[in-house]
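Data file: input-v2.cif. Format and content: mmCIF, N, CA and C atoms.
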```
data_work
loop_
_atom_site.label_atom_id
_atom_site.label_comp_id
_atom_site.auth_asym_id
_atom_site.auth_seq_id
_atom_site.Cartn_x
_atom_site.Cartn_y
_atom_site.Cartn_z
N MET A 1 0.84 -1.18 0.00
CA MET A 1 0.00 0.00 0.00
C MET A 1 0.88 1.24 0.00
N LYS A 2 0.51 2.21 -0.82
CA LYS A 2 1.27 3.45 -0.92
C LYS A 2 1.03 4.30 0.33
N LYS A 3 2.09 4.78 0.92
CA LYS A 3 1.99 5.63 2.10
C LYS A 3 1.58 7.04 1.67
N ALA A 4 0.59 7.60 2.38
CA ALA A 4 0.13 8.96 2.06
C ALA A 4 1.21 9.97 2.43
N ARG A 5 1.38 10.94 1.57
CA ARG A 5 2.32 12.01 1.87
C ARG A 5 1.69 12.98 2.85
N ARG A 6 2.54 13.67 3.59
CA ARG A 6 2.07 14.64 4.57
C ARG A 6 1.25 15.72 3.86
N GLY A 7 0.03 15.93 4.35
CA GLY A 7 -0.82 16.97 3.78
C GLY A 7 -1.56 16.57 2.52
N GLU A 8 -1.43 15.33 2.10
CA GLU A 8 -2.07 14.91 0.85
C GLU A 8 -3.59 15.01 0.93
N ASP A 9 -4.13 14.78 2.11
CA ASP A 9 -5.58 14.88 2.32
C ASP A 9 -5.93 16.18 3.03
N LEU A 10 -5.32 17.24 2.63
CA LEU A 10 -5.48 18.54 3.28
C LEU A 10 -6.92 19.03 3.18
N ASN A 11 -7.48 19.42 4.30
CA ASN A 11 -8.85 19.91 4.38
C ASN A 11 -8.84 21.42 4.15
N LEU A 12 -9.41 21.86 3.04
CA LEU A 12 -9.38 23.28 2.69
C LEU A 12 -10.20 24.14 3.65
N ARG A 13 -11.21 23.57 4.27
CA ARG A 13 -11.99 24.32 5.26
C ARG A 13 -11.11 24.67 6.46
N LEU A 14 -10.25 23.74 6.85
CA LEU A 14 -9.34 24.01 7.96
C LEU A 14 -8.33 25.08 7.58
N VAL A 15 -7.84 25.04 6.35
CA VAL A 15 -6.92 26.07 5.88
C VAL A 15 -7.60 27.43 5.90
N SER A 16 -8.83 27.48 5.45
CA SER A 16 -9.59 28.72 5.46
C SER A 16 -9.76 29.24 6.88
N SER A 17 -10.03 28.36 7.82
CA SER A 17 -10.16 28.76 9.22
C SER A 17 -8.85 29.33 9.75
N LEU A 18 -7.74 28.72 9.37
CA LEU A 18 -6.43 29.23 9.79
C LEU A 18 -6.23 30.66 9.29
N LEU A 19 -6.60 30.91 8.05
CA LEU A 19 -6.42 32.25 7.49
C LEU A 19 -7.27 33.28 8.22
N VAL A 20 -8.44 32.89 8.68
CA VAL A 20 -9.28 33.81 9.46
C VAL A 20 -8.65 34.09 10.82
N VAL A 21 -8.10 33.05 11.46
CA VAL A 21 -7.43 33.24 12.75
C VAL A 21 -6.26 34.21 12.58
N VAL A 22 -5.48 34.03 11.54
CA VAL A 22 -4.34 34.91 11.29
C VAL A 22 -4.80 36.34 11.03
N ALA A 23 -5.85 36.49 10.24
CA ALA A 23 -6.36 37.83 9.92
C ALA A 23 -6.88 38.54 11.18
N GLU A 24 -7.55 37.79 12.05
CA GLU A 24 -8.11 38.38 13.27
C GLU A 24 -7.08 38.50 14.38
N GLY A 25 -6.08 37.60 14.38
CA GLY A 25 -5.08 37.63 15.44
C GLY A 25 -5.60 37.17 16.78
N HIS A 26 -6.78 36.55 16.78
CA HIS A 26 -7.43 36.17 18.03
C HIS A 26 -8.43 35.05 17.74
N PHE A 27 -8.35 33.97 18.53
CA PHE A 27 -9.25 32.85 18.29
C PHE A 27 -10.72 33.24 18.52
N GLY A 28 -10.98 34.04 19.54
CA GLY A 28 -12.36 34.42 19.85
C GLY A 28 -13.01 35.20 18.72
N ARG A 29 -12.30 36.23 18.22
CA ARG A 29 -12.86 37.04 17.12
C ARG A 29 -13.00 36.21 15.84
N ALA A 30 -12.01 35.36 15.59
CA ALA A 30 -12.08 34.49 14.41
C ALA A 30 -13.26 33.52 14.53
N ALA A 31 -13.47 32.99 15.73
CA ALA A 31 -14.58 32.08 15.95
C ALA A 31 -15.91 32.77 15.71
N ASP A 32 -16.03 34.01 16.18
CA ASP A 32 -17.26 34.78 15.93
C ASP A 32 -17.50 34.94 14.44
N ARG A 33 -16.45 35.26 13.71
CA ARG A 33 -16.56 35.46 12.26
C ARG A 33 -16.96 34.17 11.55
N LEU A 34 -16.52 33.04 12.08
CA LEU A 34 -16.80 31.74 11.46
C LEU A 34 -18.04 31.06 12.04
N PHE A 35 -18.68 31.71 13.01
CA PHE A 35 -19.89 31.18 13.65
C PHE A 35 -19.65 29.83 14.32
N VAL A 36 -18.51 29.72 15.01
CA VAL A 36 -18.19 28.54 15.82
C VAL A 36 -17.69 29.04 17.18
N THR A 37 -17.50 28.12 18.10
CA THR A 37 -16.94 28.51 19.39
C THR A 37 -15.41 28.55 19.30
N ALA A 38 -14.79 29.32 20.18
CA ALA A 38 -13.33 29.41 20.18
C ALA A 38 -12.67 28.05 20.43
N PRO A 39 -13.17 27.25 21.39
CA PRO A 39 -12.54 25.92 21.57
C PRO A 39 -12.66 25.03 20.33
N ALA A 40 -13.81 25.10 19.65
CA ALA A 40 -13.98 24.29 18.43
C ALA A 40 -13.00 24.75 17.35
N LEU A 41 -12.82 26.06 17.23
CA LEU A 41 -11.88 26.58 16.24
C LEU A 41 -10.46 26.17 16.58
N SER A 42 -10.11 26.25 17.85
CA SER A 42 -8.78 25.82 18.28
C SER A 42 -8.54 24.36 17.93
N GLN A 43 -9.56 23.52 18.12
CA GLN A 43 -9.44 22.10 17.76
C GLN A 43 -9.27 21.93 16.26
N GLN A 44 -9.96 22.75 15.47
CA GLN A 44 -9.81 22.67 14.02
C GLN A 44 -8.37 22.98 13.61
N ILE A 45 -7.81 24.02 14.22
CA ILE A 45 -6.42 24.39 13.88
C ILE A 45 -5.46 23.29 14.33
N ARG A 46 -5.72 22.68 15.49
CA ARG A 46 -4.89 21.55 15.94
C ARG A 46 -4.97 20.40 14.94
N ARG A 47 -6.18 20.13 14.44
CA ARG A 47 -6.36 19.05 13.46
C ARG A 47 -5.56 19.35 12.19
N LEU A 48 -5.57 20.60 11.75
CA LEU A 48 -4.78 21.00 10.58
C LEU A 48 -3.29 20.82 10.87
N GLU A 49 -2.86 21.22 12.06
CA GLU A 49 -1.45 21.06 12.43
C GLU A 49 -1.05 19.59 12.45
N GLU A 50 -1.97 18.73 12.88
CA GLU A 50 -1.69 17.29 12.86
C GLU A 50 -1.58 16.78 11.42
N GLN A 51 -2.43 17.31 10.54
CA GLN A 51 -2.38 16.89 9.13
C GLN A 51 -1.05 17.25 8.49
N VAL A 52 -0.56 18.46 8.77
CA VAL A 52 0.68 18.90 8.11
C VAL A 52 1.92 18.54 8.91
N GLY A 53 1.75 18.18 10.19
CA GLY A 53 2.87 17.70 10.98
C GLY A 53 3.72 18.76 11.65
N VAL A 54 3.25 20.00 11.71
CA VAL A 54 4.00 21.08 12.38
C VAL A 54 3.02 22.03 13.06
N GLU A 55 3.52 22.77 14.06
CA GLU A 55 2.70 23.83 14.66
C GLU A 55 2.69 25.01 13.71
N LEU A 56 1.50 25.54 13.46
CA LEU A 56 1.35 26.64 12.52
C LEU A 56 1.17 27.99 13.19
N VAL A 57 0.59 28.00 14.41
CA VAL A 57 0.37 29.26 15.11
C VAL A 57 1.00 29.21 16.49
N ASP A 58 1.43 30.37 16.95
CA ASP A 58 1.96 30.52 18.30
C ASP A 58 0.80 30.97 19.17
N ARG A 59 0.25 30.05 19.91
CA ARG A 59 -0.92 30.34 20.74
C ARG A 59 -0.57 31.18 21.97
N SER A 60 0.70 31.25 22.32
CA SER A 60 1.09 32.00 23.52
C SER A 60 1.20 33.50 23.26
N SER A 61 1.28 33.90 22.01
CA SER A 61 1.41 35.32 21.71
C SER A 61 0.05 35.96 21.52
N HIS A 62 -0.02 37.22 21.85
CA HIS A 62 -1.26 37.99 21.68
C HIS A 62 -0.90 39.27 20.95
N PRO A 63 -1.32 39.48 19.74
CA PRO A 63 -2.23 38.64 18.97
C PRO A 63 -1.57 37.33 18.53
N VAL A 64 -2.42 36.36 18.19
CA VAL A 64 -1.94 35.07 17.71
C VAL A 64 -1.20 35.30 16.40
N VAL A 65 0.00 34.74 16.30
CA VAL A 65 0.80 34.90 15.08
C VAL A 65 1.23 33.53 14.55
N LEU A 66 1.62 33.52 13.31
CA LEU A 66 2.11 32.29 12.69
C LEU A 66 3.51 31.97 13.19
N THR A 67 3.81 30.68 13.28
CA THR A 67 5.18 30.25 13.52
C THR A 67 5.94 30.38 12.20
N ALA A 68 7.22 30.11 12.23
CA ALA A 68 8.01 30.15 10.98
C ALA A 68 7.44 29.14 9.98
N ALA A 69 7.08 27.95 10.48
CA ALA A 69 6.48 26.94 9.60
C ALA A 69 5.13 27.41 9.09
N GLY A 70 4.38 28.10 9.94
CA GLY A 70 3.08 28.64 9.54
C GLY A 70 3.22 29.66 8.44
N GLU A 71 4.25 30.50 8.52
CA GLU A 71 4.50 31.50 7.47
C GLU A 71 4.73 30.82 6.13
N VAL A 72 5.56 29.78 6.14
CA VAL A 72 5.85 29.04 4.90
C VAL A 72 4.58 28.38 4.38
N PHE A 73 3.83 27.76 5.27
CA PHE A 73 2.60 27.07 4.88
C PHE A 73 1.59 28.04 4.28
N VAL A 74 1.33 29.15 4.95
CA VAL A 74 0.31 30.10 4.50
C VAL A 74 0.70 30.74 3.17
N ALA A 75 2.00 30.97 2.97
CA ALA A 75 2.44 31.58 1.71
C ALA A 75 2.00 30.76 0.50
N ASP A 76 2.01 29.45 0.64
CA ASP A 76 1.58 28.58 -0.46
C ASP A 76 0.12 28.17 -0.36
N ALA A 77 -0.39 28.07 0.86
CA ALA A 77 -1.77 27.61 1.05
C ALA A 77 -2.79 28.66 0.61
N ARG A 78 -2.48 29.94 0.84
CA ARG A 78 -3.43 31.00 0.48
C ARG A 78 -3.75 30.97 -1.02
N PRO A 79 -2.75 30.98 -1.92
CA PRO A 79 -3.08 30.91 -3.35
C PRO A 79 -3.76 29.60 -3.74
N ALA A 80 -3.40 28.50 -3.06
CA ALA A 80 -4.04 27.21 -3.36
C ALA A 80 -5.52 27.27 -3.00
N LEU A 81 -5.84 27.88 -1.87
CA LEU A 81 -7.23 28.01 -1.45
C LEU A 81 -7.99 28.92 -2.41
N GLU A 82 -7.36 30.02 -2.81
CA GLU A 82 -8.00 30.93 -3.77
C GLU A 82 -8.26 30.22 -5.09
N PHE A 83 -7.32 29.39 -5.53
CA PHE A 83 -7.48 28.62 -6.76
C PHE A 83 -8.65 27.65 -6.64
N ALA A 84 -8.75 26.98 -5.49
CA ALA A 84 -9.84 26.02 -5.28
C ALA A 84 -11.20 26.73 -5.31
N VAL A 85 -11.26 27.91 -4.72
CA VAL A 85 -12.52 28.68 -4.73
C VAL A 85 -12.87 29.08 -6.16
N ARG A 86 -11.86 29.54 -6.94
CA ARG A 86 -12.11 29.89 -8.35
C ARG A 86 -12.58 28.69 -9.14
N ALA A 87 -12.00 27.53 -8.87
CA ALA A 87 -12.39 26.31 -9.57
C ALA A 87 -13.86 25.97 -9.28
N MET A 88 -14.26 26.09 -8.04
CA MET A 88 -15.66 25.81 -7.68
C MET A 88 -16.60 26.85 -8.27
N ASN A 89 -16.17 28.11 -8.27
CA ASN A 89 -16.99 29.16 -8.89
C ASN A 89 -17.17 28.91 -10.38
N GLY A 90 -16.12 28.41 -11.03
CA GLY A 90 -16.22 28.08 -12.45
C GLY A 90 -17.24 26.98 -12.70
N LEU A 91 -17.26 25.98 -11.83
CA LEU A 91 -18.26 24.93 -11.97
C LEU A 91 -19.67 25.46 -11.74
N ASP A 92 -19.82 26.34 -10.76
CA ASP A 92 -21.13 26.95 -10.51
C ASP A 92 -21.60 27.73 -11.73
N ALA A 93 -20.69 28.49 -12.35
CA ALA A 93 -21.05 29.28 -13.53
C ALA A 93 -21.46 28.36 -14.68
N LEU A 94 -20.75 27.26 -14.85
CA LEU A 94 -21.09 26.29 -15.89
C LEU A 94 -22.49 25.72 -15.66
N GLU A 95 -22.79 25.36 -14.44
CA GLU A 95 -24.11 24.83 -14.13
C GLU A 95 -25.20 25.86 -14.38
N ARG A 96 -24.95 27.12 -14.05
CA ARG A 96 -25.94 28.16 -14.32
C ARG A 96 -26.17 28.31 -15.81
N ARG A 97 -25.11 28.24 -16.62
CA ARG A 97 -25.27 28.35 -18.08
C ARG A 97 -26.07 27.18 -18.62
N ARG A 98 -25.82 25.98 -18.10
CA ARG A 98 -26.56 24.80 -18.56
C ARG A 98 -28.02 24.88 -18.18
N ALA A 99 -28.30 25.51 -17.07
CA ALA A 99 -29.69 25.55 -16.56
C ALA A 99 -30.51 26.65 -17.22
N ARG A 100 -29.85 27.56 -17.95
CA ARG A 100 -30.61 28.65 -18.56
C ARG A 100 -31.50 28.14 -19.67
N ARG A 101 -32.72 28.65 -19.70
CA ARG A 101 -33.67 28.30 -20.76
C ARG A 101 -34.37 29.58 -21.17
N LEU A 102 -34.59 29.69 -22.42
CA LEU A 102 -35.38 30.82 -22.94
C LEU A 102 -36.78 30.28 -23.19
N ARG A 103 -37.72 30.86 -22.52
CA ARG A 103 -39.11 30.44 -22.69
C ARG A 103 -39.87 31.59 -23.33
N ILE A 104 -40.50 31.26 -24.43
CA ILE A 104 -41.29 32.26 -25.15
C ILE A 104 -42.74 31.81 -25.10
N GLY A 105 -43.57 32.73 -24.70
CA GLY A 105 -44.98 32.39 -24.62
C GLY A 105 -45.82 33.48 -25.26
N PHE A 106 -47.04 33.13 -25.57
CA PHE A 106 -47.95 34.13 -26.12
C PHE A 106 -49.36 33.77 -25.68
N ILE A 107 -50.17 34.76 -25.69
CA ILE A 107 -51.58 34.57 -25.36
C ILE A 107 -52.36 34.80 -26.64
N ASN A 108 -53.04 33.78 -27.08
CA ASN A 108 -53.82 33.85 -28.31
C ASN A 108 -54.91 34.92 -28.15
N GLY A 109 -54.93 35.85 -29.05
CA GLY A 109 -55.95 36.87 -29.04
C GLY A 109 -55.59 38.10 -28.22
N ALA A 110 -54.40 38.11 -27.59
CA ALA A 110 -54.02 39.24 -26.75
C ALA A 110 -53.80 40.50 -27.57
N ALA A 111 -53.50 40.34 -28.85
CA ALA A 111 -53.26 41.52 -29.70
C ALA A 111 -54.57 42.16 -30.18
N GLY A 112 -55.66 41.52 -29.88
CA GLY A 112 -56.96 42.08 -30.27
C GLY A 112 -57.10 42.11 -31.78
N SER A 113 -57.58 43.24 -32.28
CA SER A 113 -57.82 43.36 -33.71
C SER A 113 -56.53 43.38 -34.53
N LEU A 114 -55.38 43.72 -33.90
CA LEU A 114 -54.09 43.70 -34.61
C LEU A 114 -53.70 42.28 -34.98
N GLY A 115 -54.10 41.35 -34.18
CA GLY A 115 -53.75 39.96 -34.44
C GLY A 115 -54.51 39.38 -35.60
N VAL A 116 -55.68 39.93 -35.88
CA VAL A 116 -56.48 39.42 -36.98
C VAL A 116 -55.91 39.87 -38.32
N ARG A 117 -55.40 41.08 -38.37
CA ARG A 117 -54.84 41.59 -39.63
C ARG A 117 -53.66 40.80 -40.00
#
```
Output the file's structure as structure tokens, nothing else.
Amino acid sequence: MKKARRGEDLNLRLVSSLLVVVAEGHFGRAADRLFVTAPALSQQIRRLEEQVGVELVDRSSHPVVLTAAGEVFVADARPALEFAVRAMNGLDALERRRARRLRIGFINGAAGSLGVR
């Protein structure tokens, strides 16, 4: 059996949560923005750190900042996440184009005497 590489099954939702924590600099404010509790968000970031095998944030600093490994990770993860969002948006746009229909209708006799001529 082929051994999975570190981060091969990376959860993009967890990456997105990390970026919110970094932007807010605080687990509580980030949790509010994500509509979760601070402990749940902290667990999500721990799960991401377990997936990639390194600590990504320094929880002892206020505001919360990235570790050196976190800086490296976010530098590449941010564009990857943006690319994934663009890819999904492209699929959504394709589905909307496929779903478009032009419906033409008429009511017989609505033109009155103009319709007879």
Calculate how many Å separate CA of Arg47 (chain A) from CA of Gly90 (chain A), rounding to one decimal.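 For CA of Arg47 (chain A) relative to CA of Gly90 (chain A), the distance reads 29.2 Å.
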With all atoms listed in the file counted and 8 Å as the cut-off, give the residues of region 47-116 of chain A in contact with region 12-33 of chain A, each with its shortest interatomic distance in Å and the pair that gives it, as CSV.
```
residue,atom,partner,partner_atom,distance
A:Arg47,C,A:Leu14,CA,7.3
A:Leu48,CA,A:Leu14,CA,6.1
A:Ser61,C,A:Gly25,C,7.5
A:His62,CA,A:Gly25,C,6.6
A:Pro63,CA,A:Gly25,C,4.3
A:Val64,N,A:Gly25,C,3.6
A:Val65,N,A:Gly25,CA,5.9
A:Leu66,N,A:Val22,CA,6.4
A:Val74,CA,A:Leu19,CA,7.7
A:Ala77,C,A:Val15,CA,7.2
A:Arg78,N,A:Val15,C,7.6
A:Ala80,C,A:Leu12,CA,7.9
A:Leu81,CA,A:Leu12,CA,6.6
```
Using Å and a single decimal, report how far CA of Leu34 (chain A) sits from CA of Met88 (chain A). 20.1 Å
Rounded to one decimal in Å, what is the spacing between CA of Asp9 (chain A) and CA of Pro39 (chain A)? 23.3 Å
Point out the residue among A:Glu71, A:Glu82, A:Ser42, A:Leu10 with the least atom-to-atom distance to Leu56 (chain A), counting only N, CA and C atoms.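 Closest candidate: A:Glu71.
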